[in-house]
$ cat start_7.cif   # mmCIF, C-alpha atoms
data_start
#
loop_
_atom_site.label_atom_id
_atom_site.label_comp_id
_atom_site.auth_asym_id
_atom_site.auth_seq_id
_atom_site.Cartn_x
_atom_site.Cartn_y
_atom_site.Cartn_z
CA MET V 718 15.23 39.62 90.54
CA PRO V 719 17.13 42.91 90.50
CA THR V 720 15.64 45.53 92.78
CA ILE V 721 15.76 49.28 93.06
CA HIS V 722 15.52 51.36 96.21
CA VAL V 723 12.52 53.70 96.40
CA ASP V 724 11.89 56.52 98.84
CA VAL V 725 8.63 58.45 98.80
CA VAL V 726 8.77 61.50 101.05
CA SER V 727 6.54 64.46 101.71
CA ALA V 728 7.43 67.58 103.64
CA THR V 729 5.79 66.23 106.76
CA GLU V 730 6.59 62.53 106.69
CA SER V 731 8.32 59.65 104.98
CA LEU V 732 5.71 57.59 103.14
CA TYR V 733 7.59 54.66 101.72
CA SER V 734 11.10 53.35 101.81
CA GLY V 735 12.29 49.99 100.55
CA GLU V 736 13.62 47.73 97.81
CA VAL V 737 11.15 47.22 94.98
CA LEU V 738 10.94 45.54 91.59
CA CYS V 739 9.66 48.57 89.77
CA VAL V 740 7.82 51.81 90.34
CA PHE V 741 5.40 53.86 88.26
CA ALA V 742 5.14 57.61 88.71
CA PRO V 743 2.78 60.17 87.11
CA ALA V 744 5.38 62.38 85.41
CA SER V 745 4.10 65.57 83.85
CA THR V 746 4.82 64.28 80.35
CA GLY V 747 3.14 60.91 80.91
CA GLU V 748 3.43 57.95 83.25
CA LEU V 749 6.96 56.78 83.94
CA GLY V 750 7.79 53.14 84.59
CA ILE V 751 11.11 52.85 86.37
CA TYR V 752 12.98 49.54 86.56
CA PRO V 753 16.42 48.92 88.10
CA LYS V 754 19.38 50.49 86.24
CA HIS V 755 17.27 53.27 84.83
CA THR V 756 19.31 56.19 83.59
CA ALA V 757 19.55 59.35 85.73
CA LEU V 758 16.43 61.44 85.32
CA LEU V 759 14.70 64.40 86.92
CA SER V 760 11.06 65.10 86.24
CA THR V 761 8.14 66.99 87.68
CA LEU V 762 5.05 65.03 88.69
CA LYS V 763 1.38 65.80 88.19
CA PRO V 764 -1.37 64.76 90.63
CA GLY V 765 -1.91 61.03 90.48
CA GLU V 766 -0.91 57.64 91.73
CA VAL V 767 2.54 56.28 92.44
CA ARG V 768 2.44 52.51 92.04
CA ILE V 769 5.13 50.45 93.72
CA GLU V 770 5.53 46.78 92.77
CA THR V 771 7.33 44.61 95.27
CA ASP V 772 7.56 40.82 95.50
CA LYS V 773 4.89 41.06 98.21
CA GLY V 774 2.40 42.91 96.08
CA ILE V 775 1.48 46.32 94.79
CA GLU V 776 1.25 49.44 96.89
CA SER V 777 -0.14 52.73 95.73
CA ILE V 778 0.34 56.20 97.12
CA TYR V 779 -1.42 59.32 96.01
CA VAL V 780 0.73 62.34 95.19
CA SER V 781 -0.59 65.80 94.39
CA GLY V 782 2.40 66.72 92.30
CA GLY V 783 6.07 66.88 93.11
CA ILE V 784 9.43 65.81 91.74
CA VAL V 785 11.01 62.47 90.96
CA GLU V 786 14.74 61.87 90.90
CA VAL V 787 16.04 58.68 89.37
CA GLN V 788 19.56 57.36 89.87
CA PRO V 789 20.52 53.91 88.51
CA ASN V 790 19.70 52.22 91.82
CA VAL V 791 17.79 54.81 93.82
CA VAL V 792 14.51 56.53 93.08
CA THR V 793 13.38 59.43 95.25
CA ILE V 794 9.88 60.81 94.91
CA PHE V 795 9.19 64.17 96.52
CA SER V 796 5.49 64.50 97.03
CA ASP V 797 4.00 67.89 97.65
CA THR V 798 1.41 66.61 100.08
CA ALA V 799 1.32 62.89 99.87
CA ILE V 800 -1.24 61.09 101.97
CA ARG V 801 -1.70 57.33 101.84
CA ALA V 802 -4.41 56.58 99.33
CA SER V 803 -6.60 54.66 101.76
CA ASP V 804 -6.44 57.59 104.15
CA LEU V 805 -7.86 60.01 101.65
CA ASP V 806 -10.87 61.76 102.97
CA GLU V 807 -13.46 61.77 100.26
CA SER V 808 -15.64 64.42 101.81
CA LYS V 809 -12.63 66.72 102.07
CA ALA V 810 -11.88 66.24 98.42
CA LEU V 811 -15.50 66.97 97.57
CA GLU V 812 -15.49 70.04 99.77
CA ALA V 813 -12.33 71.32 98.18
CA LYS V 814 -13.85 70.79 94.77
CA GLN V 815 -17.00 72.61 95.80
CA ARG V 816 -15.00 75.50 97.22
CA ALA V 817 -12.93 75.62 94.07
CA GLN V 818 -16.06 75.74 91.95
CA GLU V 819 -17.59 78.45 94.10
CA ALA V 820 -14.41 80.42 93.87
CA MET V 821 -14.37 79.92 90.10
CA GLU V 822 -17.78 81.50 89.84
CA ASN V 823 -16.69 84.47 91.89
CA ALA V 824 -13.18 84.78 90.53
CA THR V 825 -12.48 87.83 88.47
CA GLU V 826 -8.74 88.00 88.13
CA SER V 827 -7.02 85.63 85.79
CA GLN V 828 -4.54 84.60 88.46
CA ASP V 829 -7.35 83.46 90.74
CA ILE V 830 -8.83 81.34 87.99
CA SER V 831 -5.61 79.51 87.23
CA ALA V 832 -5.04 78.86 90.93
CA THR V 833 -8.52 77.42 91.44
CA GLN V 834 -8.21 75.36 88.29
CA ALA V 835 -5.17 73.72 89.81
CA VAL V 836 -7.13 72.95 92.99
CA LEU V 837 -9.95 71.53 90.92
CA ALA V 838 -7.63 69.25 88.93
CA GLU V 839 -6.10 68.03 92.16
CA SER V 840 -9.36 67.14 93.87
CA MET V 841 -10.59 65.42 90.69
CA ALA V 842 -7.50 63.24 90.75
CA GLN V 843 -8.08 62.44 94.43
CA LEU V 844 -11.67 61.40 93.77
CA GLN V 845 -10.62 59.22 90.87
CA MET V 846 -8.09 57.50 93.06
CA ILE V 847 -10.67 56.86 95.79
CA ASN V 848 -13.11 55.36 93.32
CA LYS V 849 -10.38 53.11 92.01
CA MET V 850 -9.38 51.95 95.48
CA ARG V 851 -12.99 51.30 96.36
CA GLY V 852 -13.46 49.21 93.23
CA LYS V 853 -10.44 47.10 94.15
CA LYS V 854 -11.70 46.37 97.65
CA GLY V 855 -15.44 46.02 96.99
CA MET J 1329 -4.96 88.38 164.23
CA ALA J 1330 -4.01 91.31 162.02
CA VAL J 1331 -0.31 90.47 161.94
CA GLY J 1332 1.24 89.98 158.51
CA LYS J 1333 -1.97 90.40 156.55
CA GLU J 1334 -0.01 91.83 153.61
CA ILE J 1335 2.50 89.01 153.74
CA ARG J 1336 -0.25 86.42 153.66
CA THR J 1337 -1.89 88.08 150.67
CA GLN J 1338 1.45 88.15 148.89
CA ILE J 1339 2.07 84.48 149.61
CA SER J 1340 -1.29 83.45 148.26
CA SER J 1341 -0.83 85.52 145.11
CA ILE J 1342 2.58 83.94 144.51
CA LYS J 1343 1.06 80.52 145.00
CA ASN J 1344 -1.56 81.30 142.37
CA THR J 1345 1.11 82.38 139.92
CA GLN J 1346 3.00 79.20 140.69
CA LYS J 1347 -0.05 77.14 139.79
CA ILE J 1348 -0.26 78.89 136.43
CA THR J 1349 3.43 78.47 135.62
CA SER J 1350 3.43 74.81 136.56
CA ALA J 1351 0.36 74.22 134.36
CA MET J 1352 2.11 76.02 131.49
CA GLU J 1353 5.18 73.88 132.05
CA MET J 1354 3.14 70.72 131.68
CA VAL J 1355 1.36 72.00 128.58
CA ALA J 1356 4.68 72.97 127.00
CA ALA J 1357 6.15 69.55 127.85
CA SER J 1358 3.39 67.70 126.05
CA LYS J 1359 3.47 70.09 123.09
CA MET J 1360 7.23 69.76 122.91
CA LYS J 1361 6.97 66.01 122.40
CA LYS J 1362 4.62 66.51 119.46
CA ALA J 1363 6.70 69.32 118.01
CA GLN J 1364 9.80 67.13 118.16
CA ASP J 1365 7.99 64.31 116.39
CA ARG J 1366 6.95 66.69 113.63
CA MET J 1367 10.48 67.95 113.35
CA LEU J 1368 11.84 64.42 112.96
CA ALA J 1369 9.09 63.50 110.48
CA SER J 1370 9.98 66.34 108.15
CA ARG J 1371 13.69 65.59 108.20
CA PRO J 1372 13.76 62.83 105.54
CA TYR J 1373 12.31 65.18 102.91
CA CYS J 1374 14.91 67.80 103.70
CA GLU J 1375 17.78 65.32 103.67
CA LYS J 1376 16.73 63.64 100.43
CA ILE J 1377 16.18 66.89 98.62
CA SER J 1378 19.59 68.10 99.80
CA ASN J 1379 21.05 64.91 98.35
CA VAL J 1380 19.50 65.64 94.98
CA ILE J 1381 20.84 69.18 95.10
CA GLY J 1382 24.23 67.66 95.91
CA HIS J 1383 23.95 65.37 92.88
CA LEU J 1384 22.93 68.30 90.72
CA ALA J 1385 26.08 70.18 91.63
CA TYR J 1386 28.03 67.27 90.12
CA ALA J 1387 25.82 66.73 87.09
CA HIS J 1388 27.25 68.36 84.01
CA SER J 1389 24.18 70.27 83.11
CA GLU J 1390 24.27 72.65 80.17
CA PHE J 1391 21.75 74.81 81.91
CA GLU J 1392 22.87 76.73 84.98
CA HIS J 1393 20.08 77.91 87.22
CA PRO J 1394 20.59 81.33 88.81
CA TYR J 1395 19.93 79.85 92.26
CA MET J 1396 22.84 77.48 91.90
CA ASN J 1397 25.49 79.99 91.18
CA SER J 1398 25.57 83.71 91.31
CA SER J 1399 28.60 85.90 91.03
CA GLU J 1400 26.81 89.19 91.34
CA LYS J 1401 28.17 91.67 93.82
CA LEU J 1402 26.26 91.77 97.11
CA GLN J 1403 24.32 94.98 97.48
CA ARG J 1404 21.26 93.87 99.33
CA ILE J 1405 20.45 90.63 101.05
CA GLY J 1406 17.20 89.15 102.31
CA ILE J 1407 16.75 87.35 105.60
CA ILE J 1408 13.71 85.24 106.47
CA ILE J 1409 13.36 85.45 110.23
CA ILE J 1410 11.45 82.73 112.03
CA SER J 1411 10.23 83.48 115.54
CA SER J 1412 7.44 82.38 117.83
CA ASP J 1413 3.99 83.94 117.97
CA ARG J 1414 3.88 83.91 121.75
CA GLY J 1415 6.20 85.02 124.49
CA LEU J 1416 7.03 83.48 127.86
CA CYS J 1417 9.66 81.25 126.32
CA GLY J 1418 12.79 82.54 127.98
CA GLY J 1419 15.42 84.25 125.90
CA LEU J 1420 14.65 82.28 122.76
CA ASN J 1421 13.53 85.11 120.50
CA THR J 1422 15.78 87.74 122.04
CA ASN J 1423 18.87 85.60 121.49
CA LEU J 1424 17.95 85.05 117.87
CA PHE J 1425 17.25 88.75 117.25
CA ARG J 1426 20.51 89.74 118.88
CA HIS J 1427 22.36 87.25 116.69
CA ILE J 1428 20.66 88.66 113.59
CA LEU J 1429 21.29 92.28 114.51
CA LYS J 1430 24.99 91.55 115.01
CA GLN J 1431 25.08 90.09 111.51
CA VAL J 1432 23.11 93.02 110.12
CA VAL J 1433 25.57 95.50 111.60
CA GLU J 1434 28.41 93.60 109.90
CA TYR J 1435 26.59 93.78 106.57
CA GLN J 1436 25.85 97.45 107.00
CA ALA J 1437 29.52 98.11 107.71
CA LYS J 1438 30.20 96.62 104.26
CA ASP J 1439 27.48 98.84 102.81
CA ILE J 1440 25.11 95.95 102.17
CA LYS J 1441 21.45 96.68 102.77
CA VAL J 1442 19.16 94.15 104.44
CA ASP J 1443 15.56 93.20 103.67
CA VAL J 1444 13.70 91.00 106.11
CA CYS J 1445 10.71 88.74 106.01
CA THR J 1446 9.25 87.94 109.39
CA ILE J 1447 7.44 84.81 110.45
CA GLY J 1448 5.81 84.95 113.89
CA LYS J 1449 4.44 87.88 115.85
CA LYS J 1450 7.55 88.43 117.93
CA ALA J 1451 9.82 88.99 114.95
CA THR J 1452 7.18 91.14 113.28
CA SER J 1453 6.84 93.53 116.20
CA PHE J 1454 10.60 93.59 116.79
CA PHE J 1455 11.72 94.26 113.23
CA LYS J 1456 8.90 96.64 112.45
CA ASN J 1457 10.80 99.32 114.32
CA SER J 1458 14.32 98.22 113.51
CA GLY J 1459 14.66 100.41 110.43
CA LEU J 1460 15.12 97.40 108.16
CA ASN J 1461 12.89 96.95 105.17
CA VAL J 1462 10.21 94.38 106.09
CA LYS J 1463 9.13 92.73 102.84
CA SER J 1464 6.58 90.23 104.06
CA VAL J 1465 4.97 89.05 107.24
CA LEU J 1466 3.41 85.78 108.31
CA THR J 1467 1.82 85.30 111.73
CA ASN J 1468 -0.63 83.08 113.60
CA LEU J 1469 0.75 79.81 112.35
CA GLY J 1470 -0.16 77.90 115.48
CA ASP J 1471 1.61 74.83 116.74
CA VAL J 1472 1.02 72.79 113.60
CA PRO J 1473 2.24 74.84 110.67
CA HIS J 1474 1.06 73.92 107.21
CA PHE J 1475 3.48 73.81 104.35
CA ASP J 1476 1.08 75.83 102.21
CA ASP J 1477 1.14 78.74 104.66
CA LEU J 1478 4.79 79.30 103.92
CA LEU J 1479 4.63 79.33 100.16
CA GLY J 1480 3.50 82.93 99.75
CA THR J 1481 6.10 84.30 102.11
CA VAL J 1482 8.94 82.39 100.53
CA LYS J 1483 7.76 83.38 97.08
CA VAL J 1484 7.90 87.07 97.92
CA MET J 1485 11.55 86.69 98.85
CA LEU J 1486 12.42 84.49 95.86
CA ASP J 1487 10.71 86.95 93.52
CA GLY J 1488 12.96 89.60 95.00
CA PHE J 1489 15.95 87.42 94.15
CA ASP J 1490 14.67 86.69 90.64
CA ALA J 1491 14.16 90.38 90.01
CA GLY J 1492 17.70 91.07 91.16
CA GLU J 1493 16.63 93.19 94.11
CA VAL J 1494 18.52 90.98 96.53
CA GLN J 1495 21.63 88.98 95.73
CA GLN J 1496 21.49 86.57 98.62
CA LEU J 1497 18.79 84.98 100.75
CA SER J 1498 19.16 83.50 104.21
CA VAL J 1499 16.89 82.03 106.80
CA ALA J 1500 17.32 82.69 110.53
CA TYR J 1501 15.83 80.39 113.15
CA ASN J 1502 16.60 78.57 116.36
CA LYS J 1503 18.20 75.23 115.68
CA PHE J 1504 17.04 72.48 117.98
CA GLU J 1505 20.10 70.82 119.50
CA SER J 1506 18.53 69.32 122.59
CA THR J 1507 15.77 70.12 125.03
CA MET J 1508 18.20 72.28 126.98
CA THR J 1509 20.03 74.02 124.14
CA GLN J 1510 18.80 75.96 121.16
CA ALA J 1511 21.28 77.61 118.83
CA PRO J 1512 20.36 80.76 116.89
CA THR J 1513 21.31 79.96 113.30
CA ILE J 1514 21.51 81.89 110.06
CA MET J 1515 21.62 79.66 107.01
CA GLN J 1516 22.20 80.79 103.45
CA LEU J 1517 19.52 79.62 101.01
CA VAL J 1518 20.45 81.14 97.68
CA PRO J 1519 22.82 81.13 95.94
CA MET J 1520 23.19 77.56 97.08
CA VAL J 1521 26.19 76.37 98.93
CA ALA J 1522 27.26 73.19 97.16
CA GLY J 1523 26.85 70.20 99.41
CA GLU J 1524 29.11 67.20 99.59
CA SER J 1525 28.32 64.22 97.46
CA ASP J 1526 29.54 60.69 97.14
CA ASN J 1527 31.81 59.65 94.33
CA MET J 1528 30.20 61.05 91.20
CA ASN J 1529 33.11 62.39 89.26
CA HIS J 1530 32.45 60.64 85.97
CA TYR J 1531 30.73 62.62 83.26
CA TRP J 1532 26.96 62.34 83.48
CA ASP J 1533 23.80 64.36 83.42
CA TYR J 1534 20.15 63.88 84.13
CA ILE J 1535 17.45 63.53 81.54
CA TYR J 1536 15.18 66.43 82.29
CA GLU J 1537 11.46 66.20 81.70
CA PRO J 1538 9.83 68.38 80.44
CA ASP J 1539 13.01 70.50 80.27
CA ALA J 1540 15.90 71.51 82.47
CA PRO J 1541 14.86 75.06 83.43
CA GLU J 1542 11.37 73.97 84.44
CA VAL J 1543 12.38 70.94 86.48
CA LEU J 1544 15.22 72.76 88.15
CA SER J 1545 13.04 75.71 89.10
CA ALA J 1546 10.43 73.37 90.57
CA LEU J 1547 13.09 71.42 92.44
CA LEU J 1548 15.02 74.40 93.77
CA VAL J 1549 11.91 76.23 94.92
CA ARG J 1550 10.82 73.10 96.78
CA TYR J 1551 14.26 72.75 98.26
CA ILE J 1552 14.17 76.28 99.61
CA GLU J 1553 10.64 75.84 100.92
CA ALA J 1554 11.67 72.60 102.58
CA LEU J 1555 14.56 74.34 104.33
CA VAL J 1556 12.32 77.15 105.54
CA TYR J 1557 9.69 74.66 106.68
CA GLN J 1558 12.33 72.65 108.51
CA GLY J 1559 13.50 75.86 110.17
CA LEU J 1560 9.94 76.62 111.18
CA VAL J 1561 9.23 73.24 112.77
CA GLU J 1562 12.59 73.28 114.53
CA ASN J 1563 11.83 76.73 115.86
CA ILE J 1564 8.50 75.50 117.21
CA ALA J 1565 10.19 72.59 118.96
CA CYS J 1566 12.69 75.10 120.39
CA GLU J 1567 9.88 77.39 121.50
CA GLN J 1568 8.11 74.64 123.41
CA SER J 1569 11.21 73.26 125.08
CA SER J 1570 12.43 76.72 125.94
CA ARG J 1571 9.04 77.60 127.38
CA MET J 1572 9.02 74.41 129.39
CA ILE J 1573 12.37 75.27 130.93
CA ALA J 1574 11.42 78.90 131.54
CA MET J 1575 8.20 77.85 133.26
CA LYS J 1576 9.98 75.23 135.31
CA SER J 1577 12.42 77.77 136.68
CA ALA J 1578 9.57 80.22 137.28
CA THR J 1579 7.75 77.55 139.30
CA ASP J 1580 10.92 76.81 141.28
CA ASN J 1581 11.53 80.49 141.94
CA ALA J 1582 7.96 80.97 143.12
CA GLY J 1583 8.50 78.08 145.56
CA ASP J 1584 11.64 79.78 146.92
CA MET J 1585 9.81 83.09 147.33
CA VAL J 1586 6.93 81.44 149.18
CA LYS J 1587 9.43 79.79 151.55
CA GLU J 1588 11.17 83.08 152.30
CA LEU J 1589 7.91 84.94 152.82
CA GLU J 1590 6.61 82.25 155.14
CA LEU J 1591 9.75 82.63 157.24
CA VAL J 1592 9.23 86.38 157.42
CA TYR J 1593 5.57 85.85 158.25
CA ASN J 1594 6.32 83.41 161.06
CA LYS J 1595 8.96 85.71 162.52
CA ALA J 1596 6.48 88.59 162.55
CA ARG J 1597 3.84 86.41 164.15
CA GLN J 1598 6.26 85.25 166.88
CA ALA J 1599 7.38 88.80 167.56
CA ALA J 1600 3.76 89.86 167.95
CA ILE J 1601 3.03 87.00 170.39
CA THR J 1602 6.17 87.74 172.41
CA GLN J 1603 5.24 91.36 172.63
CA GLU J 1604 1.69 90.53 173.75
CA ILE J 1605 2.95 88.18 176.46
CA SER J 1606 5.44 90.71 177.79
CA GLU J 1607 2.67 93.32 177.85
CA ILE J 1608 0.41 90.99 179.88
CA VAL J 1609 3.27 90.06 182.23
CA SER J 1610 4.29 93.64 182.86
CA GLY J 1611 0.61 94.57 183.30
CA ALA J 1612 0.19 91.81 185.90
CA ALA J 1613 3.37 92.91 187.70
CA ALA J 1614 2.03 96.46 187.94
CA VAL J 1615 -1.12 95.23 189.68
#

$ encode --input "start_7.cif" --output "structure tokens"
Amino acid sequence: MPTIHVDVVSATESLYSGEVLCVFAPASTGELGIYPKHTALLSTLKPGEVRIETDKGIESIYVSGGIVEVQPNVVTIFSDTAIRASDLDESKALEAKQRAQEAMENATESQDISATQAVLAESMAQLQMINKMRGKKG
Amino acid sequence: MAVGKEIRTQISSIKNTQKITSAMEMVAASKMKKAQDRMLASRPYCEKISNVIGHLAYAHSEFEHPYMNSSEKLQRIGIIIISSDRGLCGGLNTNLFRHILKQVVEYQAKDIKVDVCTIGKKATSFFKNSGLNVKSVLTNLGDVPHFDDLLGTVKVMLDGFDAGEVQQLSVAYNKFESTMTQAPTIMQLVPMVAGESDNMNHYWDYIYEPDAPEVLSALLVRYIEALVYQGLVENIACEQSSRMIAMKSATDNAGDMVKELELVYNKARQAAITQEISEIVSGAAAV
């Protein structure tokens, strides 16, 4: 099987590095499936799950947005703050959502509202991911 | 015995100081290890994103982002200065500031004005009175800086670039070379200095999604933030190792001072005893 090298990095750590069969990334225009010999591509990412399929199984990493660069045999995913999905702290996500909602109620300026909306979308995506992971295990 | 009371007080106060400095040395040593780990952990991101920027320079894009290439005449430049929040770390901050001021004088000789953005209390209090235009300030980052903290500060400077107020942006920080050496560094952020790239001379370009300007802006802003963040974590590692060394030499010096004072104290004590004996002897002889 042909493989493609994938690196997932965030500003504070390297999250994944290795040869894989294919990788799926939540691009802003829709999910991208990348197989070996993909053409060169640059895209922004939205909050969601990066799924990496190797011959040993599937691994998933949560990204809260970022950039993906594709070269025919290398894929690099820059995650804004990527934490391993199983490490996600559900209460933190809930808290953030609550704070965002509180802020929404108090927000007056349009800029504040758009900023909190982004936070809200992000924590929703985190919660969704946790539920999904839980379903897989339980 | 009243002899050398002052000397004894001085010795005990030096010993107390020595205890403090040696405790600070140990704290700095353990923090340094963590700071170095953080510095190494954030390197892959920086390296990979530099690679992509390198690729971009070779891609034959129809769209040219202003950050990539700018031929405007330099009239005003912006410098992001990264320093520590706390002192007692040897000449770390002073060396950096001196390096920056030298550069600033060179710019001013060419009639180029300088805007600064300061990160850390030391830089803030130093450049507040330097006569340069301080555009933004960020302090109290602690030992574990968060990427988010930086975004606002960097944005202020990038907005300045976008608006054409400054034609060049640099970041100044202490580069971590080893525990013993830290090098004050000024690195140009925008316009970008094209990096080297492996053999990519054939004609090609990326597919951009959603479109080139948007992706490139997102990428380049992240690249700049990553460089500033890397500078910040390196500076923290430098701060801790420099503090460790400063405190170690302070502890050693305190030890030397205690030794010298003890010698002086003992001499004074002996002189007093000798004098007392000779007084007794001469008293006895008189009787």

$ atom_distance --input "start_7.cif" --atom1 "CA of Gln1338 in chain J" --atom2 "CA of Ser1606 in chain J"
29.3 Å

$ interface_residues --input "start_7.cif" --of "chain V" --to "chain J" --cutoff "10 Å" --atoms "only C-alpha atoms" --output "JSON, numbers by chain"
{"V": [724, 725, 726, 727, 728, 729, 730, 731, 732, 744, 745, 746, 747, 756, 757, 758, 759, 760, 761, 762, 783, 784, 785, 786, 787, 788, 793, 794, 795, 796, 797, 798]}

$ residues_around --input "start_7.cif" --residues "range 1430-1447 of chain J" --least-positions-apart "2" --cutoff "6 Å" --atoms "only C-alpha atoms" --output "list in words"
Gln1403, Arg1404, Ile1405, Gly1406, Ile1407, Ile1408, Ile1409, Ile1410, Ser1411, His1427, Ile1428, Ala1451, Thr1452, Asn1461, Val1462, Lys1463, Ser1464, Val1465, Leu1466 and Thr1467 of chain J

$ closest_residue --input "start_7.cif" --among "V:Gly852, V:Gly750, V:Pro719, V:Pro789" --to "Ile769 in chain V" --atoms "all atoms listed in the file"
V:Gly750

$ resolve_selection --input "start_7.cif" --expression "the PyMOL selection byres ((chain V and resi 766) around 6)" --output "JSON, numbers by chain"
{"V": [765, 767, 778, 779]}

$ atom_distance --input "start_7.cif" --atom1 "CA of Asp1584 in chain J" --atom2 "CA of Gln1598 in chain J"
21.4 Å

$ atom_distance --input "start_7.cif" --atom1 "CA of Met1508 in chain J" --atom2 "CA of Ile1348 in chain J"
21.8 Å

$ resolve_selection --input "start_7.cif" --expression "the PyMOL selection byres ((chain V and resi 753) around 9)" --output "PyMOL selection string"
chain V and resi 719-722+737-739+751-752+754-755+789-791

$ residues_around --input "start_7.cif" --residues "Thr1579 in chain J" --least-positions-apart "2" --cutoff "10 Å" --atoms "only C-alpha atoms" --output "mmCIF file with C-alpha atoms, in the frame of the given file"
data_model
loop_
_atom_site.group_PDB
_atom_site.id
_atom_site.type_symbol
_atom_site.label_atom_id
_atom_site.label_comp_id
_atom_site.auth_asym_id
_atom_site.auth_seq_id
_atom_site.Cartn_x
_atom_site.Cartn_y
_atom_site.Cartn_z
ATOM 1 C CA ILE J 1342 2.580 83.940 144.510
ATOM 2 C CA LYS J 1343 1.060 80.520 145.000
ATOM 3 C CA THR J 1345 1.110 82.380 139.920
ATOM 4 C CA GLN J 1346 3.000 79.200 140.690
ATOM 5 C CA LYS J 1347 -0.050 77.140 139.790
ATOM 6 C CA ILE J 1348 -0.260 78.890 136.430
ATOM 7 C CA THR J 1349 3.430 78.470 135.620
ATOM 8 C CA SER J 1350 3.430 74.810 136.560
ATOM 9 C CA ALA J 1351 0.360 74.220 134.360
ATOM 10 C CA MET J 1352 2.110 76.020 131.490
ATOM 11 C CA GLU J 1353 5.180 73.880 132.050
ATOM 12 C CA ILE J 1573 12.370 75.270 130.930
ATOM 13 C CA ALA J 1574 11.420 78.900 131.540
ATOM 14 C CA MET J 1575 8.200 77.850 133.260
ATOM 15 C CA LYS J 1576 9.980 75.230 135.310
ATOM 16 C CA SER J 1577 12.420 77.770 136.680
ATOM 17 C CA ASN J 1581 11.530 80.490 141.940
ATOM 18 C CA ALA J 1582 7.960 80.970 143.120
ATOM 19 C CA GLY J 1583 8.500 78.080 145.560
ATOM 20 C CA ASP J 1584 11.640 79.780 146.920
ATOM 21 C CA MET J 1585 9.810 83.090 147.330
#
